[in-house]
Amino acid sequence: MTKETKISIAILVIGFLAIGLYWFSGNKRGYSIEDERLVLPKIGENNFTKLPEVNEYLADIKEALVKSNGVVPLKSSELDSKAIEVQEFLLHNRDFLADTKDSQGRVEHNDMMTIRPAIVSALSPKTKIKCQMTLCYQAEKYNFVTNTTTRAIVDVKNKKLLELKRFSQMQPDVSKRLRDVAKAIALNAPQIKKELGRSPSVKDMSMANVRSSLNKSPCENQNHLCVAPTFSYHDKEEALWAIVDLTDLKLAAAKWAGLGKTTTPSCISERSFQNREVMEKYCQKDTLYSRDGWSLEYRITGSDGLEIINTTFKKEPVLKSAKIVDWHVAYLSKEGASSLDDSESYVAGRRIEYVKDKNDSFRFGYNDAMGCPMYSTSVVLAFNVPQIKPIVKDGKEVGFYILQDYRNPKWPMACNYRYENRFEFYKDGSFRVVGVNIGRGCGENALYRPVMRIDLDLGAESFYKYSSGSWQKWLTEQSDFQRDAKEYDQGKYLYKITNQKHGYYIEPNRGQFNDNSRGDNATLFATKFKSGEGDEDLLTLGSCCKLDEDGVERYIKTHESIDNQDIVLWYVPRIQNDARAGHEYCWADTVLEDGKLVVKEYPCIVGPKFVPIKR
Amino acid sequence: MYNLKKYLPIVIAIFIVSIGALWVISKKNSKKIKEEKIFDIGTFNRIRGCGRHPNFLAKLRVPQPIAIDLSQQRYKGLAFLYGRGLHQAVHLKTWEAFDYFSTYALDPRGNIYLSPMPFVSIKPKTFEFQKNIYFLDTNSGNLSVWLSLDEVKATPNNPFGVIALVYDCDDNTLWVSAIDESSYSKSRGLIYHIDIASKKILQRIKGVDALSLALLKSSKGKFLLMGDARKSQLLAMKIKESRALVTPIKLLELSNSLEHIRKIKIKGENLLELQTIPFSYTLIAQTSDGEDRKYYKAVWQRNVLSWKFKIR
């Protein structure tokens, strides 16, 4: 056999092997939604007000709000001579402008979107007949506050409004100016540049997916006006879709998706992006993070919020686990207990629990579990991904925190909640477990109780309470009302947990952390670690509304010894919300400001700090 | 010349491999295109079902029209609404014993088969309830567990179990869907085909997460329609001689990827009504009020092989 024949056989064998591998590998099922890659903007990287297109637009909104009726007119470059006349007519027409102010007479932001010759399909039969005899134009205006589109049909020659229709919760075709604003945001978004590996240009982008007339929004917040400019790559059969929120003037999200006819949804949702990112990166796996001498892992649990695990400081073990397993929410009703029946009832889809009290009063409410946005029993769901940021005091970085935002999808509407889980780690080795409540709840008399579970990793631990001027060791499982404490070691520390070598003081929050907190008013439980008592995901723990119980009592019933043991601390603050003007606490409100709806947040912040004991 | 000739086998080998490679690449790509084709389900129309309302309602002289209410808004469990504006109701406390229901199917004698549903605020028995098919007796109105599918295990990571069912008038069987084993990364839903007389499972179809089920007869045969719990699409499985052919075919996809088909109704000639909810294997969707539910009319235009949608 010649050398050439051997080479030929080798080519045939290797060639067919490669073909076989190609056939059996790769994506034979075609494009599927699982192949989509998601891009979520990080909070703080989403400010586009300095872009000339955005800046100029904002200035025009301001001018419209101050000088006129809140309607930003179309520029004459977008209009023909007849449309200019129609715009001038409509901007002075009382009927057309009737929805530009709220019930208190405050001006709302509106944009004139399009003015063009009337399309037959938009006309009623009566108007159609009129428009056969005279020239008609149609104009569309969008109210950003009420998410309403107004369509007017105008007899151009006689300057007469022939027809006026308002479409609530509907959005129109956007103006060329807003398309340019969307393009500018998409082209300048750092996340888009990073995905494309370069600064894209206008010619790379198509606006084919700009909304079609009177459709629903692709934003998570369907009350916002969103468009989706696209960067298509036909050679790779994929495109980068950007969702630009024109109400908030930001990039909401982006994704890589296929170009197939039946596979790319024409409407893509910001929330589905977020959910998938959270699920894939934080619910399915632990994330390792190191900084300032700290090393830790974190994950989003199914129903116990953000959990910090396996934490060390300068290689010394500190925490096995820290998390907030529940928020108990209880409301007080001062009368009506006698007429309550035992049947269940629901508010905003939640099962309400009732606990009768004295004098015909009763408490009612529910337990909120926080968890992954999919495949969980939680009702307050992870919103966007965990954020890590520096803690700065007096201009100096003193540590960092990890924060996870949880929201009911409809927050800040009534009976919808928003909680933040925050874990602060300081350069001096101290740390703080923080629960933040940003309302809004169902009423003005809510009592919130976050249930914090903190399992330190000191080994052979002992627990102490400061009382009568000295540290008293707890020998068995028990609880204590921090809210009743009168004396603190060094004016700060009420408890400490130690092993033979080192330990931590526990500094309850009494408003000394300069975060406008009104204190923890907590109950503390020290229990011996047992499997099944919160080491894995806990379903809701205890009653929302029995104020003499926090739910953890079940774990101290046997009063087991906790001296030189693995101790788990349960810390349950009590927060009374406040909706009085000027005193808001655990509250959120939506107000009209500069022509647009703005959410005002009044967080209440609770949680103890753990400070290393210096020997 | 001889020098060139000796390389001929190499040239031929390269040629053969190239031809093979081209063929494989084109075949693979054509497969892709084929999968994106619209499936022709044939023409179909609404057929009068064989199910009827329970006998005890007639004994109670409850007038028609009667609506079966599983919404959990006014009554826990099950209620029959009637009268002007459906403001009157027949509801027994005993019908609350198994918590909440998601779908029902009526048989020709007026018995009702019900699938469970987890609601908010998980309770100790919630997960246990999800493995059962429930039965409301046509004469007595007694509610009981008709069949426990012990392999169905709801958990905190996926609180759903048996979720949908439909009665098959042709052979007195139930098609039942369970989605308990599915996780974020894997679709492990099951469709059970159960003979009612013997309570025997006739067929198990793996790998389909069906949030809703319906039976459709078209010019192309009988199909089990399934609202996909994972995607915003409607799937179909051909049924031949009482057995489903196990490969689901995508019929249509809605534009909003968050909307999943919760109810399927055949409303008229080539016309489906689809009710959607934002389902994500959490309890949020189940508890959301009316505004999150959307209704689509999907018209099958067979002449152009496309679906036309209208939101209600």
# chains A, B, ... in the order shown; residues from 1 in each chain; ligands from 1
>>> select_by_dssp(residues="stretch 105-247 of chain B", states="helix (DSSP H, G or I)", output="list in words")
Thr126, Phe127, Glu128 and Phe129 of chain B
>>> write_last_selection(atoms="C-alpha atoms", output="PDB file, in the first residue's frame")
ATOM      1  CA  THR B 126     -50.978  21.058  50.978  1.00  0.00           C
ATOM      2  CA  PHE B 127     -48.353  18.864  49.341  1.00  0.00           C
ATOM      3  CA  GLU B 128     -50.219  15.667  50.222  1.00  0.00           C
ATOM      4  CA  PHE B 129     -53.379  16.893  48.482  1.00  0.00           C
TER       5      PHE B 129
END
>>> select_by_dssp(residues="stretch 75-267 of chain B", states="strand (DSSP E)", output="ChimeraX atom specification")
/B:79-82,88-90,100-106,112-117,132-136,143-148,162-168,173-178,190-195,200-206,210-218,221-228,233-240,243-244,249-253,260-267
>>> closest_residue(among="A:Pro172, A:Lys250, A:Thr377, A:Glu238", to="A:Leu51", atoms="only C-alpha atoms")
A:Lys250
>>> residues_around(residues="A:Lys6", least_positions_apart="5", cutoff="10 Å", atoms="only C-alpha atoms", output="tab-separated table (two decimals) with C-alpha atoms, in the first residue's frame")
chain	number	residue	atom	x	y	z
A	1	MET	CA	0.00	0.00	0.00
A	11	ILE	CA	-8.70	11.38	5.29
A	12	LEU	CA	-11.76	9.20	4.74
B	9	PRO	CA	-6.65	8.77	-4.21
B	10	ILE	CA	-6.10	11.73	-1.86
>>> residues_around(residues="B:Lys131", least_positions_apart="5", cutoff="10 Å", atoms="only C-alpha atoms", output="ChimeraX atom specification")
/B:115-117,126,145,147-154,160-163,178,180
>>> write_last_selection(atoms="C-alpha atoms", output="short mmCIF file (atom, residue, chain, number, x, y, z; two decimals), in the first residue's frame")
data_model
loop_
_atom_site.label_atom_id
_atom_site.label_comp_id
_atom_site.auth_asym_id
_atom_site.auth_seq_id
_atom_site.Cartn_x
_atom_site.Cartn_y
_atom_site.Cartn_z
CA SER B 115 -57.65 18.12 40.00
CA PRO B 116 -56.09 19.83 43.05
CA MET B 117 -54.24 23.13 43.23
CA THR B 126 -50.98 21.06 50.98
CA VAL B 145 -60.42 11.00 46.81
CA LEU B 147 -57.44 7.98 42.92
CA SER B 148 -54.09 8.70 44.58
CA LEU B 149 -51.11 8.81 42.28
CA ASP B 150 -48.49 8.05 44.90
CA GLU B 151 -45.61 8.76 42.56
CA VAL B 152 -46.74 12.40 42.40
CA LYS B 153 -44.82 14.35 45.04
CA ALA B 154 -45.21 18.09 45.42
CA PHE B 160 -47.67 21.54 42.05
CA GLY B 161 -48.74 17.94 41.42
CA VAL B 162 -51.80 16.81 39.50
CA ILE B 163 -52.87 20.00 37.77
CA ALA B 178 -48.98 16.15 36.69
CA ASP B 180 -44.46 17.74 40.23
#
>>> residues_around(residues="A:Tyr57", least_positions_apart="5", cutoff="9 Å", atoms="only C-alpha atoms", output="PyMOL selection string")
chain A and resi 52+62+72+177-178+181
>>> write_last_selection(atoms="N, CA and C atoms", output="compact mmCIF listing (two decimals), in the first residue's frame")
# COMPACT_ATOMS: atom_id res chain seq x y z
N PRO A 52 -27.31 63.68 24.54
CA PRO A 52 -27.96 64.89 24.00
C PRO A 52 -29.44 64.67 23.69
N LYS A 62 -39.89 69.37 30.63
CA LYS A 62 -39.93 70.36 31.71
C LYS A 62 -40.64 71.63 31.24
N VAL A 72 -45.81 67.44 25.16
CA VAL A 72 -44.62 67.74 24.38
C VAL A 72 -45.02 67.62 22.91
N ARG A 177 -38.96 61.15 17.23
CA ARG A 177 -38.08 61.66 18.27
C ARG A 177 -37.85 60.60 19.36
N LEU A 178 -38.93 59.94 19.77
CA LEU A 178 -38.76 58.91 20.80
C LEU A 178 -38.01 57.70 20.26
N VAL A 181 -34.55 58.67 20.64
CA VAL A 181 -34.14 58.57 22.05
C VAL A 181 -33.85 57.09 22.39
>>> closest_residue(among="A:Pro41, A:Pro373, A:Pro612, A:Gly435", to="A:Lys194", atoms="only C-alpha atoms")
A:Pro41
>>> residues_around(residues="stretch 272-288 of chain A", least_positions_apart="4", cutoff="9 Å", atoms="only C-alpha atoms", output="PyMOL selection string")
(chain A and resi 37-40+220+253-255+268+295-302+309+371-374+382-386) or (chain B and resi 184-185+257-258)
>>> write_last_selection(atoms="N, CA and C atoms", output="PDB file, in the first residue's frame")
ATOM      1  N   ARG A  37     -29.693  34.231  25.570  1.00  0.00           N
ATOM      2  CA  ARG A  37     -28.778  34.727  26.593  1.00  0.00           C
ATOM      3  C   ARG A  37     -29.281  36.094  27.028  1.00  0.00           C
ATOM      4  N   LEU A  38     -29.336  36.275  28.313  1.00  0.00           N
ATOM      5  CA  LEU A  38     -29.970  37.473  28.839  1.00  0.00           C
ATOM      6  C   LEU A  38     -28.959  38.500  29.299  1.00  0.00           C
ATOM      7  N   VAL A  39     -29.311  39.750  29.179  1.00  0.00           N
ATOM      8  CA  VAL A  39     -28.455  40.851  29.623  1.00  0.00           C
ATOM      9  C   VAL A  39     -29.309  41.764  30.480  1.00  0.00           C
ATOM     10  N   LEU A  40     -28.937  41.898  31.749  1.00  0.00           N
ATOM     11  CA  LEU A  40     -29.687  42.790  32.626  1.00  0.00           C
ATOM     12  C   LEU A  40     -28.804  43.946  33.051  1.00  0.00           C
ATOM     13  N   GLU A 220     -41.800  44.890  31.790  1.00  0.00           N
ATOM     14  CA  GLU A 220     -42.394  44.208  32.934  1.00  0.00           C
ATOM     15  C   GLU A 220     -43.522  45.071  33.471  1.00  0.00           C
ATOM     16  N   ALA A 253     -33.822  45.805  29.659  1.00  0.00           N
ATOM     17  CA  ALA A 253     -33.159  44.498  29.562  1.00  0.00           C
ATOM     18  C   ALA A 253     -32.805  44.252  28.104  1.00  0.00           C
ATOM     19  N   ALA A 254     -32.013  43.206  27.860  1.00  0.00           N
ATOM     20  CA  ALA A 254     -31.716  42.825  26.478  1.00  0.00           C
ATOM     21  C   ALA A 254     -31.504  41.326  26.445  1.00  0.00           C
ATOM     22  N   LYS A 255     -31.673  40.749  25.266  1.00  0.00           N
ATOM     23  CA  LYS A 255     -31.398  39.313  25.150  1.00  0.00           C
ATOM     24  C   LYS A 255     -30.940  38.967  23.751  1.00  0.00           C
ATOM     25  N   ILE A 268     -41.125  40.740  24.135  1.00  0.00           N
ATOM     26  CA  ILE A 268     -40.222  40.126  25.100  1.00  0.00           C
ATOM     27  C   ILE A 268     -40.337  40.847  26.423  1.00  0.00           C
ATOM     28  N   SER A 295     -14.519  36.053  53.083  1.00  0.00           N
ATOM     29  CA  SER A 295     -14.801  35.101  52.006  1.00  0.00           C
ATOM     30  C   SER A 295     -16.145  34.459  52.335  1.00  0.00           C
ATOM     31  N   LEU A 296     -17.039  34.432  51.394  1.00  0.00           N
ATOM     32  CA  LEU A 296     -18.380  33.910  51.675  1.00  0.00           C
ATOM     33  C   LEU A 296     -19.028  33.377  50.401  1.00  0.00           C
ATOM     34  N   GLU A 297     -20.082  32.625  50.594  1.00  0.00           N
ATOM     35  CA  GLU A 297     -20.906  32.196  49.463  1.00  0.00           C
ATOM     36  C   GLU A 297     -22.321  32.691  49.705  1.00  0.00           C
ATOM     37  N   TYR A 298     -23.036  32.988  48.644  1.00  0.00           N
ATOM     38  CA  TYR A 298     -24.426  33.400  48.813  1.00  0.00           C
ATOM     39  C   TYR A 298     -25.301  32.754  47.743  1.00  0.00           C
ATOM     40  N   ARG A 299     -26.596  32.655  48.075  1.00  0.00           N
ATOM     41  CA  ARG A 299     -27.549  32.042  47.144  1.00  0.00           C
ATOM     42  C   ARG A 299     -28.950  32.551  47.461  1.00  0.00           C
ATOM     43  N   ILE A 300     -29.819  32.441  46.487  1.00  0.00           N
ATOM     44  CA  ILE A 300     -31.218  32.803  46.718  1.00  0.00           C
ATOM     45  C   ILE A 300     -31.972  31.503  46.985  1.00  0.00           C
ATOM     46  N   THR A 301     -32.643  31.461  48.116  1.00  0.00           N
ATOM     47  CA  THR A 301     -33.321  30.221  48.507  1.00  0.00           C
ATOM     48  C   THR A 301     -34.750  30.199  47.959  1.00  0.00           C
ATOM     49  N   GLY A 302     -35.385  29.037  48.105  1.00  0.00           N
ATOM     50  CA  GLY A 302     -36.758  28.894  47.629  1.00  0.00           C
ATOM     51  C   GLY A 302     -37.746  29.718  48.430  1.00  0.00           C
ATOM     52  N   ILE A 309     -23.652  31.868  53.318  1.00  0.00           N
ATOM     53  CA  ILE A 309     -23.142  30.631  53.945  1.00  0.00           C
ATOM     54  C   ILE A 309     -21.613  30.601  53.904  1.00  0.00           C
ATOM     55  N   GLY A 371     -38.497  34.349  48.114  1.00  0.00           N
ATOM     56  CA  GLY A 371     -37.766  33.272  47.460  1.00  0.00           C
ATOM     57  C   GLY A 371     -37.538  33.472  45.988  1.00  0.00           C
ATOM     58  N   CYS A 372     -37.116  32.366  45.368  1.00  0.00           N
ATOM     59  CA  CYS A 372     -36.807  32.376  43.937  1.00  0.00           C
ATOM     60  C   CYS A 372     -38.062  32.744  43.148  1.00  0.00           C
ATOM     61  N   PRO A 373     -37.868  33.379  42.002  1.00  0.00           N
ATOM     62  CA  PRO A 373     -39.037  33.825  41.250  1.00  0.00           C
ATOM     63  C   PRO A 373     -39.777  32.711  40.523  1.00  0.00           C
ATOM     64  N   MET A 374     -39.187  31.532  40.485  1.00  0.00           N
ATOM     65  CA  MET A 374     -39.855  30.390  39.853  1.00  0.00           C
ATOM     66  C   MET A 374     -39.630  29.182  40.759  1.00  0.00           C
ATOM     67  N   ALA A 382     -37.784  37.284  44.352  1.00  0.00           N
ATOM     68  CA  ALA A 382     -36.522  37.980  44.056  1.00  0.00           C
ATOM     69  C   ALA A 382     -36.711  38.868  42.833  1.00  0.00           C
ATOM     70  N   PHE A 383     -36.334  40.096  42.978  1.00  0.00           N
ATOM     71  CA  PHE A 383     -36.506  41.080  41.910  1.00  0.00           C
ATOM     72  C   PHE A 383     -35.111  41.524  41.511  1.00  0.00           C
ATOM     73  N   ASN A 384     -34.720  41.219  40.302  1.00  0.00           N
ATOM     74  CA  ASN A 384     -33.364  41.466  39.837  1.00  0.00           C
ATOM     75  C   ASN A 384     -32.369  40.632  40.649  1.00  0.00           C
ATOM     76  N   VAL A 385     -31.101  40.802  40.359  1.00  0.00           N
ATOM     77  CA  VAL A 385     -30.078  39.920  40.952  1.00  0.00           C
ATOM     78  C   VAL A 385     -29.460  40.566  42.195  1.00  0.00           C
ATOM     79  N   PRO A 386     -28.726  39.792  43.018  1.00  0.00           N
ATOM     80  CA  PRO A 386     -28.095  40.400  44.195  1.00  0.00           C
ATOM     81  C   PRO A 386     -27.110  41.505  43.797  1.00  0.00           C
TER      82      PRO A 386
ATOM     83  N   TYR B 184     -36.468  23.745  37.252  1.00  0.00           N
ATOM     84  CA  TYR B 184     -36.107  24.827  36.332  1.00  0.00           C
ATOM     85  C   TYR B 184     -35.373  24.290  35.102  1.00  0.00           C
ATOM     86  N   SER B 185     -34.503  23.303  35.332  1.00  0.00           N
ATOM     87  CA  SER B 185     -33.703  22.836  34.201  1.00  0.00           C
ATOM     88  C   SER B 185     -34.324  21.654  33.463  1.00  0.00           C
ATOM     89  N   SER B 257     -44.017  35.829  26.388  1.00  0.00           N
ATOM     90  CA  SER B 257     -43.461  34.583  26.918  1.00  0.00           C
ATOM     91  C   SER B 257     -43.873  34.320  28.367  1.00  0.00           C
ATOM     92  N   LEU B 258     -44.449  35.309  29.031  1.00  0.00           N
ATOM     93  CA  LEU B 258     -44.886  35.097  30.417  1.00  0.00           C
ATOM     94  C   LEU B 258     -46.272  34.463  30.498  1.00  0.00           C
TER      95      LEU B 258
END
>>> residues_around(residues="A:Leu597", least_positions_apart="5", cutoff="6 Å", atoms="only C-alpha atoms", output="PDB file with C-alpha atoms, in the first residue's frame")
ATOM      1  CA  VAL A 145     -48.984  58.812  33.814  1.00  0.00           C
ATOM      2  CA  VAL A 591     -46.957  60.603  43.717  1.00  0.00           C
ATOM      3  CA  LEU A 592     -47.127  62.818  40.669  1.00  0.00           C
TER       4      LEU A 592
END
>>> atom_distance(atom1="atom CA of A:Ser76", atom2="atom CA of A:Lys160")
20.9 Å
>>> atom_distance(atom1="atom CA of A:Lys609", atom2="atom CA of A:Glu584")
24.6 Å
>>> decode(residues="stretch 7-25 of chain A", atoms="C-alpha atoms", output="PDB file, in the first residue's frame")
ATOM      1  CA  ILE A   7      -3.221   9.170   3.546  1.00  0.00           C
ATOM      2  CA  SER A   8      -6.436   8.805   1.514  1.00  0.00           C
ATOM      3  CA  ILE A   9      -7.778   6.195   3.943  1.00  0.00           C
ATOM      4  CA  ALA A  10      -6.839   8.409   6.880  1.00  0.00           C
ATOM      5  CA  ILE A  11      -8.695  11.376   5.286  1.00  0.00           C
ATOM      6  CA  LEU A  12     -11.760   9.202   4.743  1.00  0.00           C
ATOM      7  CA  VAL A  13     -11.736   7.822   8.298  1.00  0.00           C
ATOM      8  CA  ILE A  14     -11.074  11.155  10.015  1.00  0.00           C
ATOM      9  CA  GLY A  15     -13.480  12.971   7.674  1.00  0.00           C
ATOM     10  CA  PHE A  16     -16.372  10.626   8.328  1.00  0.00           C
ATOM     11  CA  LEU A  17     -15.635  10.586  12.033  1.00  0.00           C
ATOM     12  CA  ALA A  18     -15.828  14.404  12.047  1.00  0.00           C
ATOM     13  CA  ILE A  19     -19.068  14.310  10.042  1.00  0.00           C
ATOM     14  CA  GLY A  20     -20.491  11.796  12.499  1.00  0.00           C
ATOM     15  CA  LEU A  21     -19.527  13.975  15.436  1.00  0.00           C
ATOM     16  CA  TYR A  22     -21.120  17.003  13.770  1.00  0.00           C
ATOM     17  CA  TRP A  23     -24.324  15.084  13.122  1.00  0.00           C
ATOM     18  CA  PHE A  24     -24.716  13.851  16.653  1.00  0.00           C
ATOM     19  CA  SER A  25     -23.572  16.996  18.424  1.00  0.00           C
TER      20      SER A  25
END
